[in-house]
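**Q** Below you will find the structure I want to go over with you.
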Amino acid sequence: MAALSTVAATSKGINLLNYRVGASSSLCTTNAQNLHSQWLGTPIKISLQSNNFKPFLTTHCAIKAAVSFSLPYGKSEAAVSIEKIPKWSSKAIKSFAMGELEARKLKYSTTGTEALLMGILIEGTNFASKYLRTNSITLFKVREETVKILGKADMWFFSPEHPPLTEDAQKALDWALDEKLKSSDNGEITTTHLLLGVWSQVGSPGYKILSGLGFNDEKAQELKNVISEPGFVDD
């Protein structure tokens, strides 16, 4: 009963906000109306149509949701429209979320390139993490090097729920997106793009860690050749 009451109340709110319509109203059409929200810096686009909430909306103008996930884009003006920006793979998005969580666990105030690197390894099933482990770059080693470079945080410090990206980390994300846009492939932006984005930020903590553990330009080029192959999948 409580669930039905909640849905009914939500439906009533949608009716009042979007569907004050009569039988002859032009508002109740199949043309999509859009809502926008954000989660983890992610644009969420919702189009409104008329099927799903039939039992609850008196005008039968219900909602059909199409959700498109992305990661934060740091540039003030994107080179292309948001509809043309390629999607991030689910594993890349999960790696980003795991990186944020790792930054919080280590009680850091920001999410840096070192956190993005740890997120890739924590997700564990993506191609980039497998490649790193094959080259003896493990989560334990990266975490250990992170503490050496950044130091231990104050044990009484509480990180924000979503530690903001450092400038280097944001540039790493932007590099990954821009690199994908340069390619003719219309697939997803993968964790390998993200890893190479971290490597592109020379002097950042993530770059220093990778370099100290044996990653180099030759390995980076090898990865670039892999992701440039048509139909590359992030697994």
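Letters A, B, ... go to the chains of the structure tokens in the order shown; residues in each chain start at 1; ligands are counted from 1 in the same order.
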If you count only C-alpha atoms, which residues fall within 10 Å of Leu150 in chain A, apart from same-chain ones fewer than 5 positions away, as a VMD selection string?
**A** chain A and resid 108 114 145 205
**Q** Excluding Gly231 in chain A and residues on its chain fewer than 3 positions from it, collect all residues at most 10 Å away from it, counting only C-alpha atoms, and give them as an NGL selection string.
**A** :A and (185-188 or 227-228 or 234)
**Q** Would you kindly return, as JSON, numbers by chain, each protein, DNA or RNA residue with an atom no farther than 10 Å from any atom of range 157-162 of chain A, considering only C-alpha atoms and excluding same-chain residues fewer than 6 positions away?
**A** {"A": [40, 41, 97, 100, 101, 103, 104, 105, 106, 107, 108, 109, 110, 111]}
**Q** What's the separation between CA of Lys180 in chain A and CA of Asn225 in chain A, in Å to one decimal place?
**A** 12.9 Å
**Q** Using only C-alpha atoms, which residues sit within 12 Å of Val226 in chain A once same-chain residues fewer than 5 positions away are excluded, as a PyMOL selection string?
**A** chain A and resi 127-128+131+190+192-193+196+219-221+231-234
